[in-house]
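The file work-v7.txt contains compact mmCIF, C-alpha atoms:
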# COMPACT_ATOMS: atom_id res chain seq x y z
CA MET I 22 171.32 28.28 79.23
CA PRO I 23 170.78 28.60 83.01
CA LEU I 24 173.42 30.38 85.04
CA TYR I 25 174.59 28.38 88.06
CA HIS I 26 175.15 30.74 90.91
CA LYS I 27 175.96 30.41 94.59
CA HIS I 28 172.30 31.01 95.37
CA GLY I 29 170.94 28.42 92.94
CA ILE I 30 169.86 28.25 89.33
CA GLY I 31 168.74 31.29 87.41
CA THR I 32 169.08 33.12 84.15
CA THR I 33 170.62 36.46 83.28
CA TYR I 34 169.39 39.31 81.12
CA ILE I 35 170.26 42.96 80.45
CA ARG I 36 167.84 45.66 81.60
CA TRP I 37 168.48 48.52 79.15
CA GLY I 38 167.85 52.06 80.41
CA ARG I 39 168.00 51.27 84.14
CA LYS I 40 170.76 51.07 86.75
CA GLN I 41 169.08 48.41 88.86
CA CYS I 42 167.09 45.21 88.46
CA PRO I 43 163.34 45.05 89.03
CA ASN I 44 162.45 44.17 92.59
CA ASN I 45 160.90 40.80 91.74
CA ASN I 46 163.30 38.08 92.92
CA THR I 47 166.17 39.36 90.80
CA GLU I 48 169.76 39.95 91.80
CA LEU I 49 171.94 42.78 90.46
CA ILE I 50 175.19 41.33 89.09
CA TYR I 51 176.42 44.80 88.11
CA SER I 52 175.16 48.23 87.09
CA GLY I 53 176.94 49.39 83.96
CA PHE I 54 177.01 51.54 80.86
CA ALA I 55 175.68 50.77 77.39
CA GLY I 56 178.31 50.66 74.68
CA GLY I 57 179.07 49.33 71.24
CA SER I 58 180.52 50.39 67.91
CA HIS I 59 180.25 53.84 66.33
CA TYR I 60 177.18 54.25 64.15
CA THR I 61 179.31 55.10 61.08
CA ASP I 62 181.64 52.07 61.24
CA PRO I 63 180.48 49.66 58.51
CA GLY I 64 182.54 46.69 59.70
CA ALA I 65 181.82 47.06 63.40
CA ALA I 66 180.13 44.63 65.75
CA ALA I 67 176.34 44.85 65.70
CA GLU I 68 175.32 44.20 69.30
CA TYR I 69 174.85 46.64 72.12
CA VAL I 70 177.01 45.74 75.13
CA CYS I 71 176.39 46.31 78.84
CA LEU I 72 179.85 47.32 80.04
CA PRO I 73 180.82 46.77 83.69
CA PRO I 74 181.79 49.81 85.78
CA ASP I 75 185.19 48.33 86.68
CA PRO I 76 187.06 47.09 83.59
CA ASN I 77 189.98 44.73 84.11
CA TYR I 78 192.77 45.48 81.62
CA VAL I 79 195.57 42.96 81.09
CA LYS I 80 197.44 44.62 78.20
CA THR I 81 197.99 48.35 77.75
CA SER I 82 198.17 48.60 73.95
CA GLY I 83 196.94 46.95 70.78
CA GLY I 84 195.84 47.62 67.20
CA GLU I 85 192.80 49.84 66.71
CA TYR I 86 190.64 47.40 64.75
CA GLY I 87 187.71 46.80 67.05
CA ARG I 88 186.33 49.71 69.05
CA MET I 89 184.09 50.07 72.06
CA ILE I 90 182.45 53.42 72.72
CA GLY I 91 179.59 54.63 74.87
CA ALA I 92 175.95 54.62 73.83
CA GLU I 93 173.31 57.31 74.03
CA PHE I 94 169.72 58.03 73.17
CA ASP I 95 169.53 60.05 69.96
CA SER I 96 165.95 61.29 70.31
CA ASN I 97 163.46 62.30 72.97
CA PHE I 98 161.21 59.33 72.22
CA PHE I 99 162.10 57.20 75.25
CA ALA I 100 161.67 60.04 77.76
CA ALA I 101 161.53 63.82 77.92
CA ASN I 102 165.00 65.31 77.43
CA ALA I 103 166.48 61.89 76.59
CA ASN I 104 168.32 63.14 73.50
CA ASP I 105 172.12 62.78 73.91
CA GLU I 106 171.79 61.17 77.36
CA ASP I 107 174.06 58.18 77.99
CA VAL I 108 172.27 54.87 78.50
CA PRO I 109 172.69 52.87 81.71
CA CYS I 110 172.18 49.12 81.92
CA ALA I 111 171.98 46.44 84.57
CA LEU I 112 173.02 42.80 84.34
CA CYS I 113 170.36 40.96 86.30
CA ARG I 114 169.98 37.37 87.45
CA ALA I 115 166.44 36.11 87.75
CA GLU I 116 165.72 33.17 89.99
CA ARG I 117 163.74 30.40 88.43
CA ALA I 118 160.42 32.16 87.95
CA THR I 119 157.95 29.32 88.00
CA LEU I 120 157.57 25.76 86.86
CA VAL I 121 154.66 26.75 84.63
CA GLY I 122 154.39 29.87 82.51
CA TRP I 123 156.57 32.92 82.09
CA LYS I 124 157.43 35.80 84.42
CA ILE I 125 157.70 39.39 83.14
CA GLU I 126 161.00 40.95 84.19
CA TYR I 127 160.44 44.37 82.55
CA TYR I 128 158.80 45.93 79.50
CA GLY I 129 159.23 48.99 77.33
CA TYR I 130 159.91 50.00 73.75
CA LEU I 131 161.90 48.15 71.11
CA ALA I 132 165.10 50.00 70.15
CA SER I 133 167.78 49.65 67.49
CA GLY I 134 170.15 51.82 65.52
CA ASN I 135 169.02 54.05 62.67
CA HIS I 136 168.37 52.11 59.45
CA VAL I 137 170.29 54.70 57.39
CA HIS I 138 173.52 54.43 59.42
CA ALA I 139 176.41 52.27 58.25
CA ALA I 140 176.86 50.11 61.35
CA ALA I 141 174.51 47.22 62.01
CA THR I 142 172.76 46.99 65.37
CA ALA I 143 170.62 44.55 67.31
CA TYR I 144 167.12 44.97 68.66
CA VAL I 145 166.95 45.55 72.43
CA CYS I 146 164.14 46.30 74.84
CA VAL I 147 164.54 49.69 76.57
CA GLU I 148 162.83 50.13 79.94
CA LEU I 149 159.53 52.03 79.71
CA ASN I 150 160.81 54.76 82.07
CA PRO I 151 164.57 54.92 81.43
CA GLU I 152 167.19 56.56 83.58
CA TYR I 153 170.39 58.27 82.41
CA ILE I 154 174.00 58.21 83.44
CA ILE I 155 174.87 61.28 85.49
CA GLY I 156 176.96 63.75 83.52
CA GLY I 157 176.46 61.90 80.26
CA VAL I 158 174.90 64.48 77.96
CA ASP I 159 177.99 65.20 75.84
CA GLN I 160 176.61 64.18 72.42
CA HIS I 161 179.45 61.90 71.36
CA LEU I 162 177.18 60.07 68.90
CA GLY I 163 178.51 56.60 69.66
CA LYS I 164 176.27 53.54 69.65
CA LEU I 165 172.83 55.09 69.27
CA PHE I 166 169.40 54.00 70.47
CA TYR I 167 166.32 54.81 68.37
CA GLU I 168 162.70 53.75 68.59
CA VAL I 169 161.60 51.02 66.16
CA LEU I 170 158.44 51.63 64.11
CA SER I 171 156.34 48.98 62.38
CA ARG I 172 156.20 49.35 58.59
CA CYS I 173 153.38 47.75 56.62
CA GLY I 174 154.12 45.70 53.52
CA SER I 175 155.65 42.32 54.16
CA LEU I 176 154.71 43.02 57.81
CA LYS I 177 150.97 42.45 57.89
CA CYS I 178 148.72 45.39 58.79
CA PRO I 179 146.53 44.58 60.59
CA PRO I 180 147.41 43.37 63.16
CA TYR I 181 150.32 45.84 63.00
CA ILE I 182 149.76 49.56 62.41
CA ASP I 183 152.03 51.51 60.07
CA ASN I 184 154.55 53.81 61.81
CA TYR I 185 153.55 52.84 65.37
CA PRO I 186 156.41 52.33 67.88
CA LEU I 187 156.80 48.68 68.82
CA THR I 188 156.71 47.63 72.45
CA CYS I 189 158.66 44.75 73.97
CA VAL I 190 158.86 42.61 77.08
CA VAL I 191 161.70 40.63 78.69
CA CYS I 192 160.57 37.45 80.40
CA SER I 193 162.13 34.57 82.30
CA LYS I 194 160.95 31.04 82.88

Kindly return the structure encoded in the file as structure tokens.
Amino acid sequence: MPLYHKHGIGTTYIRWGRKQCPNNNTELIYSGFAGGSHYTDPGAAAEYVCLPPDPNYVKTSGGEYGRMIGAEFDSNFFAANANDEDVPCALCRAERATLVGWKIEYYGYLASGNHVHAAATAYVCVELNPEYIIGGVDQHLGKLFYEVLSRCGSLKCPPYIDNYPLTCVVCSK
């Protein structure tokens, strides 16, 4: 669904692993922090969330049923020394790219949670050269990002190759 904005029509997407939008006719709505549910919570929400840097609280208390915690890389796959680094994100608005074809916004590696953890996760595309949140190497083990490998069987090989990390691309039209 297109987002109607003061500057015209466009669409929004999350750029995982970066604090800014690509410099290709995109507008930064906000630069935030990746979050989600704890990887051991079996009943938790599955999706990763790009949290804004300036939350607006209305109430000051409630029951602890749903939880939101920070997210971090849990390996060095995405970049050197990425393990335990907190993941930034950017909410971007892309102008209408073109009347014909698709426009690449960014590309990288497919990420998800670990298949042996209790909490479900979604697949997201992490920027090829991710950044980190300053001061975020505390190893809180919240919502975790792992590389996604192809596994042959019901997934046909070829064209896929067993245990190769899958790449991804985020496009707009």

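Restricting the calculation to only C-alpha atoms, the smallest distance between Thr47 in chain I and any of I:Val70, I:Ala111, I:Ala92, I:Pro186 is found for I:Ala111.
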
Exercise. What lies within 7 Å of Tyr181 in chain I using only C-alpha atoms, ignoring chain neighbours under 3 positions off, as a PyMOL selection string?
Worked result: chain I and resi 171+177-178

Output C-alpha atoms for every residue in that selection, as a PDB file, in the frame of the given file.
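selection_32.pdb, freshly written:
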ATOM      1  CA  SER I 171     156.340  48.980  62.380  1.00  0.00           C
ATOM      2  CA  LYS I 177     150.970  42.450  57.890  1.00  0.00           C
ATOM      3  CA  CYS I 178     148.720  45.390  58.790  1.00  0.00           C
TER       4      CYS I 178
END

For this session: Quick one: everything within 8 Å of Arg36 in chain I, counting only C-alpha atoms, minus sequence neighbours fewer than 5 positions away in the same chain. Send it as an MDAnalysis selection string.
Result: chainID I and resid 41:42 110:113 127 146:148

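Atom pair CA of Asn104 in chain I / CA of Leu176 in chain I has a distance of 28.9 Å (rounded to one decimal).
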
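Each of I:Thr188, I:Asn97, I:Asn77, I:Ser58 was checked against Tyr144 in chain I using all atoms listed in the file; the smallest atom-to-atom distance is that of I:Thr188.
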
Seminar exercise, completed: Restricting to only C-alpha atoms, whichever of I:Pro179, I:Gly163, I:Gly56, I:Pro151 is closest to Asp95 in chain I is I:Gly163

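Comparing I:Arg114, I:His138, I:Arg88, I:Lys124 by their smallest distance to Tyr60 in chain I, the closest is I:His138 (using only C-alpha atoms).
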
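When all atoms listed in the file are used to measure the gap to Tyr69 in chain I, the shortest distance among I:Ala143, I:Cys173, I:Cys192, I:Ile155 belongs to I:Ala143.
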
Problem set entry | Option closest in space to Leu149 in chain I, from I:Pro180, I:Pro63, I:Gly129, I:Gly134 [counting all atoms listed in the file] | I:Gly129

Exercise. If you count only C-alpha atoms, which residues fall within 9 Å of Ala103 in chain I, apart from same-chain ones fewer than 5 positions away, as a ChimeraX atom specification?
Worked result: /I:93-98,151-153,158
